[in-house]
Amino acid sequence: MLRVNSSSPCQIVYSLCKHEFLGYLIEPHIVQLNPQGDFSLTYQRLFTHTAKEFAKHLSEVDFKLIKILDETEQDFIIKKYHKKAIRPFEFFSKFFDEKFYDNVRPKIEKKLAEVLEILKTKDGLYLMDKDGWPAERKIDLATEPATVLFHFRRSETETRYFPTIKYQGMRIDFMFKEAQVVCNQPAWLLLNDVLYFFEQDIEGKKLMPFLNKRYITIPKATEATYFEKFVGPLIEKYHVYAEGFDIKTEKLEATPVIKVIYVDGGVSQLQLYFKYGQYAFAMGNDQKVTVRLSKENDNYTFTRIKRNSDWEKEKFALLQSLGLKKTSALFHHLELPNLDENHNPSYAIITWVNEHIDMLKEHGYEIEQATSSKRFVFGANKIDFEIKEDNDWFDINAIVYFGIHPIPFIALKQHILHKKREFILPDGDIAIIPEKWFTQYSSLFSLADGSKNLKLKKHHIGLVNDLAEDSLANVTLDRKLQRLNDFEHIADSAMPTHFKGDLRHYQKAGYNWFSFLREYNFGGCLADDMGLGKTIQTLAMLQKLKEEDEQNATHSTSLIIMPTSLIYNWLNEAKKFTPKLKIHAHTGTFRNKDISLFGKYDLIITTYGITRVDAELLREFYFNYIILDESQNIKNPSSKSFKSVRMLRSRHRLILSGTPVENSVADLWTQLTFLNPGLLGTQSFFNEEYVQAIEKRKDEDKAKKLQAIIKPFVLRRTKEQVAAELPPKTEHIFYCDMSEDQAAVYEKTKSAYRNDLLTSMDDGTYAKKQVQLLQGLTALRQLANHPVMIDEGYESDSGKFENVVHTLDNVLKGGHKVLIFSQFVRHLGIFKNYFEKEHIPYAYLDGSTKNRGEIVAEFQQNTDLKVFLISIKAGGVGLNLTQADYVFILDPWWNPAVEQQAIDRTHRIGQEKKVFIYKFISKDTVEEKILALQRRKKSLANSLITTEESFFKSLSKDDIRELLN
């Protein structure tokens, strides 16, 4: 065979041929043209790799077609399915079978369809002759689709069935004409050198029987099955003409239906289907038409129902967008994904329908339920609350609507308290109580009294507000109550005349809040951060009470209970701000137990310890206010402290605490129960309903609910919130009582030094005793801190140490950073030991520290490092510690300038926080005297005197006598 010469004229030919095993194929050939421009007998099969040589005779489209047809060639196909090299003859004789053909042929036809689609626009399809010459005859491709009409003629005995074909409106005769089905799907039919294609994706198989047959006969005996299995689907897809039975077409209004399938103890689901008139369809394929067959007597009727598949898909997508997910491809079932353990999967889908029902109905969905022994109510759930205010309580009248069924809300009490979801209505239908009602209303039922109507105490105003804000409930409140809703707008209350000093704006707001609580008979917790002045807000209120009593010519006495370490502070602050208050400290081993004395005073102050011992005594007196300072002291419900304060009697109650919740939400129960008995229900209810839910299950709804209940009674401002009102730095002196053992050691040491020194002053040897005097004073200062500093064998406690630890605990709970200064390294050592024992991370710096820079940087940057112990000698200068906002000064220095330098470690440029400085002074010791001296010698200290020795030299004999008195 001659090769085609690419430099002479030649032409590409697409040749239709029949492969013995693979069926009809199209092969691209290049054919040499003879001098007359006709096809010669020289030709060659083209593949992508051989076509390049003939590039100038080919177009881009040709290259594309060649590439597609490469994949229909037998070698390519064999290689794809048989990895080892094999000759085609061997492959077809050994491995080829019907199954292989059925698998491969549709893939080949896909490629042929692609090629024929392109060839419609390109002249060049030929028929191959028996000997393989590619250009025997030209084949024309139809320019538009042919149509097929299937005919059925039913008579008494049989039904005859045949198709007719029309092209360009003319009927074509195709039977007994040697027509060939070249391609099955989509169908291409070769007839008289024309290749026809069809509309409606007809299959070639449907035409095949009729190439050599006029019709097919269906005997009467099998017609019923045949009509259903064959004729019905045919009518769905193609044009059918019938005699002897009816075909009707209906266009019906469609409705989406949600069918709820309840699964007891399992996951309930929804199924979406569509009703077109009386016909129901699961969401199906993309069919435009569905056919239903009916038979009456001997008459068959096929009804064609037109479907709207885009609309059906939209209805399905809407459900998915509302949070449902598809679970089974077959029936279009949907369920709610990711239910947590609080949600019962049997009921979740029912609740979902009820929550979305208005929207679903608006979009035209109908709801129905699958047959099950239980009939559920589908409808929106709502509650109408009517709340009326009485003198001491709120009357709550509430109606629940499950769909259209009204039920008194109180009928749900046991269901809600026991988390029972199914509520049986009078007609036997079952309403499912929404999951969130258990969170929302269990507190209401647990805390309310009443069997017909719910009653809530006045102090449950927070619960009432919560109902009012709750979208599930419509609440009608009267005017006065609506004012209660908003604690931000509390009326201003005039300040007492004899209060010395001014309250900052936020402190005044706290004072106003006290008056508001008093007006409504509520107890409250002032929970301001440490250092914001809870004491003076309280003193201002007590002074106001005194002045109101005087105006009304009455008298009342209030009681404050506090940790021992704070007694002196309260007395001190009162002396400063409210000097007119008559105060009695009910403390000490030798206190007077005759409580009739109390009536002479405005204010009694005592400690938690004494209250525990004197509870029976104190309960005999009816106080105006009982105030607990550092009220977290009663946080343990089984403690004697809580039991004792709970039995005391008073008209009003207040608690003060920077950290009302120290370790657990449970801490709130005792404190708020002391304030407003019943507010949080019983301890076991509170523990189960709130503590467990919030701390174990991290239930945010419960946390919000609790917040709503307590919000009216807890006023908390943090340092950050009121920063604008604070001066850059606030100094506060903490006076600490020495412990009994500490005081005894101190007195003994002081007496020894004093006798010695006073003698020397009288006999003139004083000048020589200077060093000894300095030693003596230093020893006393150390004892005022902690006797361990002088005597390592000392095993008892120190008042100041307890006080510092207590205060530090509060500051750390607020998340603040603290610098702790002392001039005694040994004193810092006591705290170091304590921090190590309690696992509190700290930074440390004294004169021997080498890597100061690194330690400072670590303290500034590490958020977990909250405490810095610094000796004054080492840390007085050159440190920049702006991350700290509290400074504790553990012992006073002779020279206030040194103290100032310590404070300036934190209070310098770059400090954006407000700084609180706490000085701890042991009462009745040399430390108090040093403070007084400092004030007197201020001008001196401001001059050039900087060392302790020089300060000391400036002291007169009277000053020294004063120090040792």
# chains A, B, ... in the order shown; residues from 1 in each chain; ligands from 1
>>> residues_around(residues="Pro677 (chain A)", least_positions_apart="2", cutoff="12 Å", atoms="only C-alpha atoms", output="PyMOL selection string")
chain A and resi 447+457-460+522-524+646-647+653+669-675+679-683
>>> select_by_dssp(residues="region 208-455 of chain A", states="strand (DSSP E)", output="PyMOL selection string")
chain A and resi 216-219+239-243+246-250+254-261+269-276+279-282+289-296+299-306+325-328+333-335+366-369+381-389+393-402+405-408+422-424+430-432+454-455
>>> residues_around(residues="Arg45 (chain A)", least_positions_apart="6", cutoff="10 Å", atoms="only C-alpha atoms", output="number ranges by chain")
A: 12-15, 27-31, 51, 134
>>> write_last_selection(atoms="C-alpha atoms", output="PDB file, in the first residue's frame")
ATOM      1  CA  ILE A  12      -9.422  14.237   5.541  1.00  0.00           C
ATOM      2  CA  VAL A  13     -12.375  11.886   5.497  1.00  0.00           C
ATOM      3  CA  TYR A  14     -14.476  10.777   8.505  1.00  0.00           C
ATOM      4  CA  SER A  15     -15.526   7.283   7.751  1.00  0.00           C
ATOM      5  CA  GLU A  27     -12.454   6.606  11.802  1.00  0.00           C
ATOM      6  CA  PRO A  28     -10.506   9.631  10.504  1.00  0.00           C
ATOM      7  CA  HIS A  29      -8.487   8.935   7.316  1.00  0.00           C
ATOM      8  CA  ILE A  30      -6.332  11.117   5.103  1.00  0.00           C
ATOM      9  CA  VAL A  31      -6.972  10.293   1.385  1.00  0.00           C
ATOM     10  CA  ALA A  51      -1.588  13.805  12.013  1.00  0.00           C
ATOM     11  CA  PRO A 134     -12.927   5.069   3.663  1.00  0.00           C
TER      12      PRO A 134
END
>>> closest_residue(among="A:Ile430, A:Val805, A:Val722, A:Val148", to="Glu838 (chain A)", atoms="only C-alpha atoms")
A:Val805
>>> closest_residue(among="A:Leu189, A:Ala779, A:Ala380, A:Leu865", to="Ile432 (chain A)", atoms="only C-alpha atoms")
A:Ala380
>>> residues_around(residues="Gly510 (chain A)", least_positions_apart="4", cutoff="8 Å", atoms="only C-alpha atoms", output="ChimeraX atom specification")
/A:506,514,526,537,715
>>> write_last_selection(atoms="N, CA and C atoms", output="short mmCIF file (atom, residue, chain, number, x, y, z; two decimals), in the first residue's frame")
data_model
loop_
_atom_site.label_atom_id
_atom_site.label_comp_id
_atom_site.auth_asym_id
_atom_site.auth_seq_id
_atom_site.Cartn_x
_atom_site.Cartn_y
_atom_site.Cartn_z
N TYR A 506 -19.50 57.32 90.89
CA TYR A 506 -19.97 55.93 90.98
C TYR A 506 -20.30 55.54 92.42
N PHE A 514 -28.54 51.99 97.46
CA PHE A 514 -28.92 51.56 98.81
C PHE A 514 -30.32 52.09 99.17
N LEU A 526 -23.13 44.83 97.56
CA LEU A 526 -22.25 45.78 96.87
C LEU A 526 -20.94 45.04 96.62
N GLN A 537 -19.17 54.20 101.02
CA GLN A 537 -20.55 54.23 100.51
C GLN A 537 -21.50 53.78 101.62
N LEU A 715 -24.54 44.89 92.82
CA LEU A 715 -23.98 46.04 92.11
C LEU A 715 -22.47 45.87 92.12
#
>>> closest_residue(among="A:Leu322, A:Ile387, A:Ala666, A:Leu542", to="His356 (chain A)", atoms="only C-alpha atoms")
A:Leu322
>>> residues_around(residues="Arg717 (chain A)", least_positions_apart="2", cutoff="12 Å", atoms="only C-alpha atoms", output="MDAnalysis selection string")
chainID A and resid 505:507 509:510 525:534 657:659 714:715 719:723 725 814
>>> write_last_selection(atoms="N, CA and C atoms", output="compact mmCIF listing (two decimals), in the first residue's frame")
# COMPACT_ATOMS: atom_id res chain seq x y z
N HIS A 505 -18.58 59.93 91.63
CA HIS A 505 -19.86 59.74 90.95
C HIS A 505 -20.37 58.30 91.09
N TYR A 506 -19.50 57.32 90.89
CA TYR A 506 -19.97 55.93 90.98
C TYR A 506 -20.30 55.54 92.42
N GLN A 507 -19.59 56.18 93.38
CA GLN A 507 -19.89 55.89 94.79
C GLN A 507 -21.26 56.46 95.16
N ALA A 509 -23.67 56.74 93.09
CA ALA A 509 -24.65 55.84 92.48
C ALA A 509 -24.90 54.63 93.39
N GLY A 510 -23.84 54.14 94.05
CA GLY A 510 -23.98 53.03 94.99
C GLY A 510 -24.84 53.45 96.19
N CYS A 525 -26.15 43.29 97.45
CA CYS A 525 -24.72 42.99 97.62
C CYS A 525 -23.93 44.04 96.84
N LEU A 526 -23.13 44.83 97.56
CA LEU A 526 -22.25 45.78 96.87
C LEU A 526 -20.94 45.04 96.62
N ALA A 527 -20.67 44.76 95.34
CA ALA A 527 -19.55 43.88 95.00
C ALA A 527 -18.46 44.64 94.26
N ASP A 528 -18.31 45.92 94.55
CA ASP A 528 -17.27 46.69 93.86
C ASP A 528 -15.89 46.07 94.10
N ASP A 529 -15.04 46.27 93.09
CA ASP A 529 -13.65 45.84 93.19
C ASP A 529 -13.01 46.41 94.45
N MET A 530 -11.96 45.73 94.87
CA MET A 530 -11.22 46.20 96.02
C MET A 530 -10.68 47.60 95.79
N GLY A 531 -10.80 48.43 96.80
CA GLY A 531 -10.20 49.77 96.69
C GLY A 531 -11.14 50.84 96.14
N LEU A 532 -12.38 50.43 95.79
CA LEU A 532 -13.27 51.44 95.20
C LEU A 532 -14.17 52.13 96.24
N GLY A 533 -14.01 51.74 97.53
CA GLY A 533 -14.70 52.51 98.57
C GLY A 533 -16.05 51.95 98.99
N LYS A 534 -16.12 50.61 99.18
CA LYS A 534 -17.38 50.04 99.66
C LYS A 534 -17.68 50.57 101.07
N SER A 657 -18.69 42.73 99.34
CA SER A 657 -17.63 41.77 99.01
C SER A 657 -17.08 42.07 97.63
N GLY A 658 -15.75 42.15 97.55
CA GLY A 658 -15.14 42.33 96.22
C GLY A 658 -15.18 41.04 95.43
N THR A 659 -15.33 39.90 96.16
CA THR A 659 -15.31 38.59 95.47
C THR A 659 -16.44 37.72 96.00
N VAL A 714 -27.21 42.83 92.89
CA VAL A 714 -25.75 42.82 92.96
C VAL A 714 -25.25 43.99 92.15
N LEU A 715 -24.54 44.89 92.82
CA LEU A 715 -23.98 46.04 92.11
C LEU A 715 -22.47 45.87 92.12
N LYS A 719 -12.50 48.23 88.65
CA LYS A 719 -11.59 49.36 88.57
C LYS A 719 -11.55 49.94 87.16
N GLU A 720 -11.58 49.01 86.17
CA GLU A 720 -11.50 49.46 84.78
C GLU A 720 -12.73 50.29 84.40
N GLN A 721 -13.93 49.87 84.91
CA GLN A 721 -15.16 50.59 84.54
C GLN A 721 -15.18 52.02 85.06
N VAL A 722 -14.59 52.23 86.23
CA VAL A 722 -14.70 53.57 86.82
C VAL A 722 -13.37 54.32 86.76
N ALA A 723 -12.44 53.80 85.93
CA ALA A 723 -11.09 54.38 85.89
C ALA A 723 -11.12 55.90 85.72
N GLU A 725 -12.94 58.04 86.89
CA GLU A 725 -13.23 58.82 88.10
C GLU A 725 -12.14 58.70 89.16
N GLY A 814 -9.24 39.36 91.47
CA GLY A 814 -9.67 40.36 90.48
C GLY A 814 -8.74 40.39 89.27
>>> decode(residues="region 692-829 of chain A", atoms="C-alpha atoms", output="mmCIF file, in the first residue's frame")
data_model
loop_
_atom_site.group_PDB
_atom_site.id
_atom_site.type_symbol
_atom_site.label_atom_id
_atom_site.label_comp_id
_atom_site.auth_asym_id
_atom_site.auth_seq_id
_atom_site.Cartn_x
_atom_site.Cartn_y
_atom_site.Cartn_z
ATOM 1 C CA GLN A 692 -24.213 21.815 87.992
ATOM 2 C CA ALA A 693 -25.643 23.281 84.792
ATOM 3 C CA ILE A 694 -23.244 26.214 84.678
ATOM 4 C CA GLU A 695 -20.058 24.623 85.969
ATOM 5 C CA LYS A 696 -20.311 21.041 84.667
ATOM 6 C CA ARG A 697 -22.423 21.468 81.549
ATOM 7 C CA LYS A 698 -21.308 25.012 80.652
ATOM 8 C CA ASP A 699 -24.985 25.868 80.046
ATOM 9 C CA GLU A 700 -25.019 29.499 78.900
ATOM 10 C CA ASP A 701 -28.809 29.854 79.035
ATOM 11 C CA LYS A 702 -28.758 28.870 82.697
ATOM 12 C CA ALA A 703 -25.972 31.334 83.398
ATOM 13 C CA LYS A 704 -28.033 34.111 81.758
ATOM 14 C CA LYS A 705 -31.082 33.069 83.736
ATOM 15 C CA LEU A 706 -29.187 33.234 87.018
ATOM 16 C CA GLN A 707 -27.750 36.588 85.985
ATOM 17 C CA ALA A 708 -31.300 37.887 85.409
ATOM 18 C CA ILE A 709 -32.485 36.717 88.834
ATOM 19 C CA ILE A 710 -29.625 38.256 90.807
ATOM 20 C CA LYS A 711 -28.976 41.347 88.664
ATOM 21 C CA PRO A 712 -31.219 43.713 90.703
ATOM 22 C CA PHE A 713 -29.392 42.834 93.932
ATOM 23 C CA VAL A 714 -25.755 42.822 92.959
ATOM 24 C CA LEU A 715 -23.983 46.042 92.109
ATOM 25 C CA ARG A 716 -20.464 45.510 90.861
ATOM 26 C CA ARG A 717 -18.107 48.066 89.363
ATOM 27 C CA THR A 718 -14.580 47.111 88.385
ATOM 28 C CA LYS A 719 -11.592 49.364 88.572
ATOM 29 C CA GLU A 720 -11.503 49.458 84.775
ATOM 30 C CA GLN A 721 -15.156 50.586 84.538
ATOM 31 C CA VAL A 722 -14.696 53.575 86.822
ATOM 32 C CA ALA A 723 -11.091 54.379 85.887
ATOM 33 C CA ALA A 724 -12.076 57.814 84.617
ATOM 34 C CA GLU A 725 -13.225 58.824 88.100
ATOM 35 C CA LEU A 726 -10.232 57.548 90.023
ATOM 36 C CA PRO A 727 -7.237 59.734 90.803
ATOM 37 C CA PRO A 728 -3.973 58.406 89.288
ATOM 38 C CA LYS A 729 -3.190 56.829 92.642
ATOM 39 C CA THR A 730 -5.170 56.146 95.790
ATOM 40 C CA GLU A 731 -3.486 55.488 99.151
ATOM 41 C CA HIS A 732 -5.146 53.440 101.806
ATOM 42 C CA ILE A 733 -3.856 52.530 105.258
ATOM 43 C CA PHE A 734 -4.773 49.116 106.654
ATOM 44 C CA TYR A 735 -4.529 48.974 110.415
ATOM 45 C CA CYS A 736 -3.842 45.457 111.622
ATOM 46 C CA ASP A 737 -4.456 44.133 115.108
ATOM 47 C CA MET A 738 -1.601 42.032 116.392
ATOM 48 C CA SER A 739 -2.530 38.474 117.317
ATOM 49 C CA GLU A 740 -2.568 37.769 121.060
ATOM 50 C CA ASP A 741 0.715 35.842 121.048
ATOM 51 C CA GLN A 742 2.360 38.482 118.860
ATOM 52 C CA ALA A 743 1.209 41.300 121.182
ATOM 53 C CA ALA A 744 2.629 39.468 124.213
ATOM 54 C CA VAL A 745 6.105 39.080 122.615
ATOM 55 C CA TYR A 746 6.016 42.715 121.488
ATOM 56 C CA GLU A 747 5.116 44.093 124.931
ATOM 57 C CA LYS A 748 7.852 42.069 126.638
ATOM 58 C CA THR A 749 10.530 43.305 124.203
ATOM 59 C CA LYS A 750 9.315 46.911 124.338
ATOM 60 C CA SER A 751 9.409 47.038 128.153
ATOM 61 C CA ALA A 752 12.986 45.778 128.269
ATOM 62 C CA TYR A 753 14.252 48.415 125.811
ATOM 63 C CA ARG A 754 12.243 51.208 127.304
ATOM 64 C CA ASN A 755 13.473 50.736 130.863
ATOM 65 C CA ASP A 756 17.046 50.609 129.643
ATOM 66 C CA LEU A 757 16.754 53.734 127.481
ATOM 67 C CA LEU A 758 14.794 55.893 129.856
ATOM 68 C CA THR A 759 17.360 55.186 132.561
ATOM 69 C CA SER A 760 20.179 56.212 130.188
ATOM 70 C CA MET A 761 18.360 59.432 129.302
ATOM 71 C CA ASP A 762 18.228 60.319 132.957
ATOM 72 C CA ASP A 763 21.817 59.384 133.835
ATOM 73 C CA GLY A 764 23.404 61.035 130.761
ATOM 74 C CA THR A 765 24.759 57.852 129.086
ATOM 75 C CA TYR A 766 22.122 58.336 126.312
ATOM 76 C CA ALA A 767 24.613 59.454 123.642
ATOM 77 C CA LYS A 768 26.455 56.146 123.880
ATOM 78 C CA LYS A 769 23.256 54.146 123.576
ATOM 79 C CA GLN A 770 22.304 55.365 120.069
ATOM 80 C CA VAL A 771 23.206 52.104 118.337
ATOM 81 C CA GLN A 772 21.408 50.048 120.935
ATOM 82 C CA LEU A 773 18.367 52.274 120.562
ATOM 83 C CA LEU A 774 18.379 51.743 116.796
ATOM 84 C CA GLN A 775 18.642 47.975 117.320
ATOM 85 C CA GLY A 776 15.752 48.022 119.770
ATOM 86 C CA LEU A 777 13.493 49.962 117.466
ATOM 87 C CA THR A 778 14.380 47.659 114.558
ATOM 88 C CA ALA A 779 13.506 44.606 116.687
ATOM 89 C CA LEU A 780 10.123 46.124 117.554
ATOM 90 C CA ARG A 781 9.428 46.876 113.902
ATOM 91 C CA GLN A 782 10.166 43.275 113.007
ATOM 92 C CA LEU A 783 7.905 41.960 115.742
ATOM 93 C CA ALA A 784 5.131 44.221 114.439
ATOM 94 C CA ASN A 785 5.504 42.367 111.123
ATOM 95 C CA HIS A 786 5.940 38.812 112.370
ATOM 96 C CA PRO A 787 7.768 37.471 115.470
ATOM 97 C CA VAL A 788 9.333 34.687 113.322
ATOM 98 C CA MET A 789 11.671 37.371 111.972
ATOM 99 C CA ILE A 790 13.410 37.518 115.365
ATOM 100 C CA ASP A 791 12.637 34.121 116.818
ATOM 101 C CA GLU A 792 12.615 31.226 114.354
ATOM 102 C CA GLY A 793 11.092 28.998 117.006
ATOM 103 C CA TYR A 794 7.940 31.174 117.159
ATOM 104 C CA GLU A 795 5.033 29.005 116.017
ATOM 105 C CA SER A 796 1.994 31.228 116.419
ATOM 106 C CA ASP A 797 0.452 33.741 114.030
ATOM 107 C CA SER A 798 0.821 37.393 113.093
ATOM 108 C CA GLY A 799 -2.092 39.799 112.660
ATOM 109 C CA LYS A 800 -0.407 41.679 109.850
ATOM 110 C CA PHE A 801 0.505 38.518 107.914
ATOM 111 C CA GLU A 802 -3.133 37.318 108.038
ATOM 112 C CA ASN A 803 -4.318 40.721 106.893
ATOM 113 C CA VAL A 804 -1.912 40.960 103.959
ATOM 114 C CA VAL A 805 -2.710 37.440 102.791
ATOM 115 C CA HIS A 806 -6.446 38.129 102.975
ATOM 116 C CA THR A 807 -6.167 41.398 101.036
ATOM 117 C CA LEU A 808 -3.810 39.879 98.476
ATOM 118 C CA ASP A 809 -6.243 37.033 97.887
ATOM 119 C CA ASN A 810 -8.954 39.536 96.933
ATOM 120 C CA VAL A 811 -6.655 41.484 94.619
ATOM 121 C CA LEU A 812 -5.449 38.339 92.822
ATOM 122 C CA LYS A 813 -9.011 37.114 92.352
ATOM 123 C CA GLY A 814 -9.668 40.360 90.482
ATOM 124 C CA GLY A 815 -6.823 39.434 88.111
ATOM 125 C CA HIS A 816 -4.540 42.330 89.147
ATOM 126 C CA LYS A 817 -0.754 42.529 89.454
ATOM 127 C CA VAL A 818 0.832 43.518 92.769
ATOM 128 C CA LEU A 819 4.210 44.819 93.927
ATOM 129 C CA ILE A 820 4.954 43.911 97.552
ATOM 130 C CA PHE A 821 7.690 45.982 99.243
ATOM 131 C CA SER A 822 9.396 45.451 102.559
ATOM 132 C CA GLN A 823 12.736 46.701 103.845
ATOM 133 C CA PHE A 824 13.332 43.372 105.578
ATOM 134 C CA VAL A 825 14.485 40.566 103.272
ATOM 135 C CA ARG A 826 13.488 38.173 106.032
ATOM 136 C CA HIS A 827 9.926 39.494 105.908
ATOM 137 C CA LEU A 828 9.787 38.834 102.136
ATOM 138 C CA GLY A 829 11.072 35.328 102.913
#
